[in-house]
Amino acid sequence: MIHCPNCRHQEPDGAIFCSECGMQLVRLDGQDTQSIRPEPDDFGTAPISSQVVDMANVWISLHLLDNGQILSISDRSEFTLGRISENQPIMPDIDLTPYQAFDHGVSRLHAVIRRTNGSVSVMDLGSSNGTYLNGARLAANAEAPLNHGDILALGKLKAQVILNI
């Protein structure tokens, strides 16, 4: 069992995020850099053996620029981003509360990211403080294409998009 460093909730071995508070449980720091030896038939890299995350199932990660955390998301083709609020029934798929979402102006249901037919898009869900893509504010309820390396800001919470599709 894994104990969440934030709320001490118990999670099964291999869990990536705490089901109670959303805190990232997998830490990638402290691992040695992998030595890459190109072979004629293989130009990729083998996974690090001690890594718990199955990166083959991760199609998008968000690198939070304020604190360096990486949120790896998998198993779904669509998910909402936002924060939880006490006594409110609204629950985003990805809870950004542990990353000072309230202080950064993230709405309870702020934005949605979708993967369809090999492309990825983001849509602001009418948030109070807006969603920005590479510095440009997105119109509410209109999808915009999302590319590897883009900077996505939910209010003032900024993340770089890492796509693996």
# chains A, B, ... in the order shown; residues from 1 in each chain; ligands from 1
>>> residues_around(residues="stretch 75-91 of chain A", least_positions_apart="2", cutoff="6 Å", atoms="only C-alpha atoms", output="PyMOL selection string")
chain A and resi 93-97+107-115
>>> write_last_selection(atoms="all heavy atoms", output="CSV table (one decimal), in the first residue's frame")
chain,number,residue,atom,x,y,z
A,93,ASP,N,-12.8,15.8,-13.3
A,93,ASP,CA,-12.1,14.6,-13.4
A,93,ASP,C,-10.7,14.7,-12.9
A,93,ASP,O,-10.2,13.8,-12.2
A,93,ASP,CB,-12.0,14.1,-14.9
A,93,ASP,CG,-13.4,13.8,-15.5
A,93,ASP,OD1,-14.2,13.2,-14.7
A,93,ASP,OD2,-13.7,14.2,-16.6
A,94,ILE,N,-10.1,15.9,-13.2
A,94,ILE,CA,-8.7,16.2,-12.6
A,94,ILE,C,-8.9,17.3,-11.7
A,94,ILE,O,-9.2,18.4,-12.1
A,94,ILE,CB,-7.7,16.5,-13.8
A,94,ILE,CG1,-7.7,15.5,-14.9
A,94,ILE,CG2,-6.4,16.8,-13.2
A,94,ILE,CD1,-7.2,14.1,-14.4
A,95,ASP,N,-8.6,17.0,-10.4
A,95,ASP,CA,-8.8,18.0,-9.3
A,95,ASP,C,-7.4,18.7,-9.1
A,95,ASP,O,-6.4,18.1,-8.8
A,95,ASP,CB,-9.2,17.3,-8.0
A,95,ASP,CG,-9.3,18.3,-6.9
A,95,ASP,OD1,-9.5,19.5,-7.1
A,95,ASP,OD2,-9.1,17.9,-5.7
A,96,LEU,N,-7.4,20.0,-9.4
A,96,LEU,CA,-6.2,20.8,-9.3
A,96,LEU,C,-6.1,21.5,-7.9
A,96,LEU,O,-5.2,22.4,-7.7
A,96,LEU,CB,-6.2,21.9,-10.4
A,96,LEU,CG,-6.1,21.2,-11.8
A,96,LEU,CD1,-6.3,22.3,-12.9
A,96,LEU,CD2,-4.9,20.4,-12.0
A,97,THR,N,-7.0,21.2,-7.0
A,97,THR,CA,-7.0,21.8,-5.7
A,97,THR,C,-5.6,21.7,-5.0
A,97,THR,O,-5.2,22.7,-4.4
A,97,THR,CB,-8.1,21.2,-4.8
A,97,THR,OG1,-9.4,21.4,-5.5
A,97,THR,CG2,-8.2,21.9,-3.4
A,107,SER,N,-11.7,27.6,-11.9
A,107,SER,CA,-13.1,27.4,-11.6
A,107,SER,C,-13.3,25.9,-11.2
A,107,SER,O,-12.4,25.1,-11.5
A,107,SER,CB,-13.9,27.7,-12.8
A,107,SER,OG,-13.9,29.1,-13.1
A,108,ARG,N,-14.4,25.6,-10.6
A,108,ARG,CA,-14.7,24.2,-10.3
A,108,ARG,C,-14.8,23.3,-11.5
A,108,ARG,O,-14.2,22.2,-11.4
A,108,ARG,CB,-16.1,24.2,-9.5
A,108,ARG,CG,-15.9,24.8,-8.1
A,108,ARG,CD,-17.2,24.8,-7.4
A,108,ARG,NE,-18.1,25.8,-8.1
A,108,ARG,CZ,-18.9,26.6,-7.6
A,108,ARG,NH1,-19.1,26.6,-6.3
A,108,ARG,NH2,-19.6,27.5,-8.3
A,109,LEU,N,-15.4,23.7,-12.5
A,109,LEU,CA,-15.3,23.1,-13.8
A,109,LEU,C,-14.8,24.1,-14.8
A,109,LEU,O,-15.5,24.9,-15.3
A,109,LEU,CB,-16.7,22.5,-14.3
A,109,LEU,CG,-17.2,21.2,-13.7
A,109,LEU,CD1,-18.5,20.8,-14.3
A,109,LEU,CD2,-16.2,20.1,-13.9
A,110,HIS,N,-13.5,24.1,-15.0
A,110,HIS,CA,-12.8,25.1,-15.8
A,110,HIS,C,-12.7,24.9,-17.3
A,110,HIS,O,-13.1,25.7,-18.1
A,110,HIS,CB,-11.4,25.4,-15.2
A,110,HIS,CG,-10.8,26.7,-15.5
A,110,HIS,ND1,-10.8,27.7,-14.7
A,110,HIS,CD2,-10.3,27.1,-16.7
A,110,HIS,CE1,-10.2,28.8,-15.3
A,110,HIS,NE2,-9.9,28.4,-16.5
A,111,ALA,N,-12.2,23.7,-17.6
A,111,ALA,CA,-12.0,23.3,-19.0
A,111,ALA,C,-12.1,21.8,-19.2
A,111,ALA,O,-12.1,21.1,-18.3
A,111,ALA,CB,-10.6,23.8,-19.5
A,112,VAL,N,-12.2,21.5,-20.5
A,112,VAL,CA,-12.2,20.0,-20.9
A,112,VAL,C,-11.1,19.8,-22.0
A,112,VAL,O,-11.0,20.7,-22.8
A,112,VAL,CB,-13.6,19.6,-21.3
A,112,VAL,CG1,-14.1,20.3,-22.6
A,112,VAL,CG2,-13.6,18.1,-21.5
A,113,ILE,N,-10.4,18.7,-21.9
A,113,ILE,CA,-9.5,18.3,-22.9
A,113,ILE,C,-10.0,17.0,-23.5
A,113,ILE,O,-10.4,16.1,-22.8
A,113,ILE,CB,-8.1,18.1,-22.3
A,113,ILE,CG1,-7.5,19.5,-21.8
A,113,ILE,CG2,-7.1,17.6,-23.3
A,113,ILE,CD1,-6.2,19.4,-21.2
A,114,ARG,N,-10.0,17.0,-24.8
A,114,ARG,CA,-10.5,15.8,-25.6
A,114,ARG,C,-9.5,15.3,-26.6
A,114,ARG,O,-8.8,16.1,-27.2
A,114,ARG,CB,-11.7,16.2,-26.4
A,114,ARG,CG,-12.9,16.5,-25.5
A,114,ARG,CD,-14.2,16.7,-26.4
A,114,ARG,NE,-15.3,16.9,-25.6
A,114,ARG,CZ,-15.9,18.1,-25.5
A,114,ARG,NH1,-15.6,19.1,-26.3
A,114,ARG,NH2,-17.0,18.3,-24.7
A,115,ARG,N,-9.5,14.0,-26.7
A,115,ARG,CA,-8.7,13.4,-27.8
A,115,ARG,C,-9.6,12.7,-28.7
A,115,ARG,O,-10.4,11.8,-28.3
A,115,ARG,CB,-7.7,12.3,-27.2
A,115,ARG,CG,-6.9,11.6,-28.2
A,115,ARG,CD,-6.0,10.6,-27.6
A,115,ARG,NE,-6.7,9.6,-26.9
A,115,ARG,CZ,-6.2,8.5,-26.4
A,115,ARG,NH1,-4.9,8.2,-26.6
A,115,ARG,NH2,-6.9,7.6,-25.8
>>> select_by_dssp(residues="stretch 122-156 of chain A", states="strand (DSSP E or B)", output="compact mmCIF listing (two decimals) with all heavy atoms, in the first residue's frame")
# COMPACT_ATOMS: atom_id res chain seq x y z
N VAL A 122 -8.86 21.56 -26.57
CA VAL A 122 -9.22 22.08 -25.26
C VAL A 122 -10.40 23.02 -25.43
O VAL A 122 -10.54 23.69 -26.47
CB VAL A 122 -8.02 22.80 -24.58
CG1 VAL A 122 -7.56 24.00 -25.40
CG2 VAL A 122 -8.35 23.21 -23.16
N MET A 123 -11.28 23.06 -24.43
CA MET A 123 -12.42 23.95 -24.48
C MET A 123 -12.65 24.54 -23.10
O MET A 123 -12.70 23.81 -22.10
CB MET A 123 -13.68 23.19 -24.94
CG MET A 123 -14.91 24.07 -25.04
SD MET A 123 -16.35 23.24 -25.79
CE MET A 123 -16.68 21.94 -24.62
N ASP A 124 -12.76 25.86 -23.02
CA ASP A 124 -13.11 26.54 -21.78
C ASP A 124 -14.59 26.30 -21.52
O ASP A 124 -15.41 26.37 -22.44
CB ASP A 124 -12.83 28.04 -21.92
CG ASP A 124 -13.17 28.78 -20.65
OD1 ASP A 124 -12.32 28.82 -19.74
OD2 ASP A 124 -14.30 29.32 -20.55
N THR A 131 -9.54 30.59 -19.88
CA THR A 131 -8.52 29.62 -20.26
C THR A 131 -7.71 30.26 -21.38
O THR A 131 -8.27 30.82 -22.32
CB THR A 131 -9.18 28.31 -20.74
OG1 THR A 131 -9.98 27.78 -19.69
CG2 THR A 131 -8.14 27.28 -21.14
N TYR A 132 -6.40 30.17 -21.26
CA TYR A 132 -5.51 30.78 -22.23
C TYR A 132 -4.65 29.72 -22.88
O TYR A 132 -4.15 28.81 -22.20
CB TYR A 132 -4.61 31.81 -21.54
CG TYR A 132 -5.38 32.97 -20.96
CD1 TYR A 132 -6.00 32.84 -19.72
CD2 TYR A 132 -5.50 34.17 -21.64
CE1 TYR A 132 -6.73 33.89 -19.17
CE2 TYR A 132 -6.23 35.22 -21.10
CZ TYR A 132 -6.84 35.08 -19.88
OH TYR A 132 -7.56 36.11 -19.35
N LEU A 133 -4.48 29.82 -24.19
CA LEU A 133 -3.62 28.91 -24.92
C LEU A 133 -2.53 29.74 -25.57
O LEU A 133 -2.80 30.59 -26.42
CB LEU A 133 -4.44 28.15 -25.98
CG LEU A 133 -3.71 27.10 -26.79
CD1 LEU A 133 -3.08 26.04 -25.90
CD2 LEU A 133 -4.67 26.45 -27.80
N ALA A 136 -3.21 33.49 -25.53
CA ALA A 136 -4.45 34.00 -26.12
C ALA A 136 -5.65 33.40 -25.39
O ALA A 136 -5.74 32.18 -25.21
CB ALA A 136 -4.52 33.65 -27.60
N ARG A 137 -6.58 34.28 -24.99
CA ARG A 137 -7.77 33.80 -24.27
C ARG A 137 -8.69 33.05 -25.22
O ARG A 137 -8.96 33.51 -26.33
CB ARG A 137 -8.51 34.97 -23.63
CG ARG A 137 -9.64 34.49 -22.74
CD ARG A 137 -10.29 35.60 -21.96
NE ARG A 137 -11.32 35.05 -21.08
CZ ARG A 137 -11.61 35.53 -19.91
NH1 ARG A 137 -10.97 36.58 -19.43
NH2 ARG A 137 -12.56 34.99 -19.19
N ALA A 140 -15.34 30.93 -24.67
CA ALA A 140 -16.02 29.89 -23.90
C ALA A 140 -16.79 28.95 -24.83
O ALA A 140 -17.37 29.39 -25.83
CB ALA A 140 -16.98 30.53 -22.90
N ALA A 144 -10.43 24.42 -29.23
CA ALA A 144 -9.22 24.92 -29.87
C ALA A 144 -8.22 23.77 -29.91
O ALA A 144 -8.12 23.00 -28.96
CB ALA A 144 -8.64 26.10 -29.08
N PRO A 145 -7.48 23.63 -31.01
CA PRO A 145 -6.50 22.54 -31.10
C PRO A 145 -5.38 22.71 -30.09
O PRO A 145 -4.94 23.83 -29.82
CB PRO A 145 -5.98 22.62 -32.54
CG PRO A 145 -6.34 23.98 -33.03
CD PRO A 145 -7.50 24.45 -32.22
N LEU A 146 -4.93 21.60 -29.54
CA LEU A 146 -3.88 21.58 -28.53
C LEU A 146 -2.70 20.80 -29.11
O LEU A 146 -2.89 19.71 -29.65
CB LEU A 146 -4.42 20.89 -27.28
CG LEU A 146 -3.80 21.18 -25.93
CD1 LEU A 146 -3.76 22.67 -25.63
CD2 LEU A 146 -4.57 20.47 -24.85
N ILE A 151 1.44 26.10 -24.06
CA ILE A 151 1.27 26.54 -22.68
C ILE A 151 -0.22 26.81 -22.46
O ILE A 151 -0.81 27.65 -23.13
CB ILE A 151 2.09 27.81 -22.37
CG1 ILE A 151 3.57 27.59 -22.65
CG2 ILE A 151 1.85 28.26 -20.93
CD1 ILE A 151 4.24 26.53 -21.78
N LEU A 152 -0.79 26.06 -21.54
CA LEU A 152 -2.21 26.17 -21.21
C LEU A 152 -2.31 26.83 -19.84
O LEU A 152 -1.65 26.40 -18.89
CB LEU A 152 -2.83 24.77 -21.18
CG LEU A 152 -4.32 24.66 -20.95
CD1 LEU A 152 -5.09 25.31 -22.10
CD2 LEU A 152 -4.71 23.19 -20.82
N ALA A 153 -3.10 27.88 -19.73
CA ALA A 153 -3.30 28.56 -18.45
C ALA A 153 -4.78 28.51 -18.09
O ALA A 153 -5.62 28.93 -18.86
CB ALA A 153 -2.81 30.00 -18.52
N LEU A 154 -5.05 27.98 -16.92
CA LEU A 154 -6.40 27.98 -16.35
C LEU A 154 -6.39 29.07 -15.30
O LEU A 154 -5.82 28.89 -14.22
CB LEU A 154 -6.74 26.63 -15.73
CG LEU A 154 -6.54 25.40 -16.63
CD1 LEU A 154 -6.83 24.13 -15.86
CD2 LEU A 154 -7.38 25.48 -17.86
>>> atom_distance(atom1="atom CA of A:Val106", atom2="atom CA of A:Gly126")
11.3 Å
>>> atom_distance(atom1="atom CA of A:Gly155", atom2="atom CA of A:His104")
6.0 Å
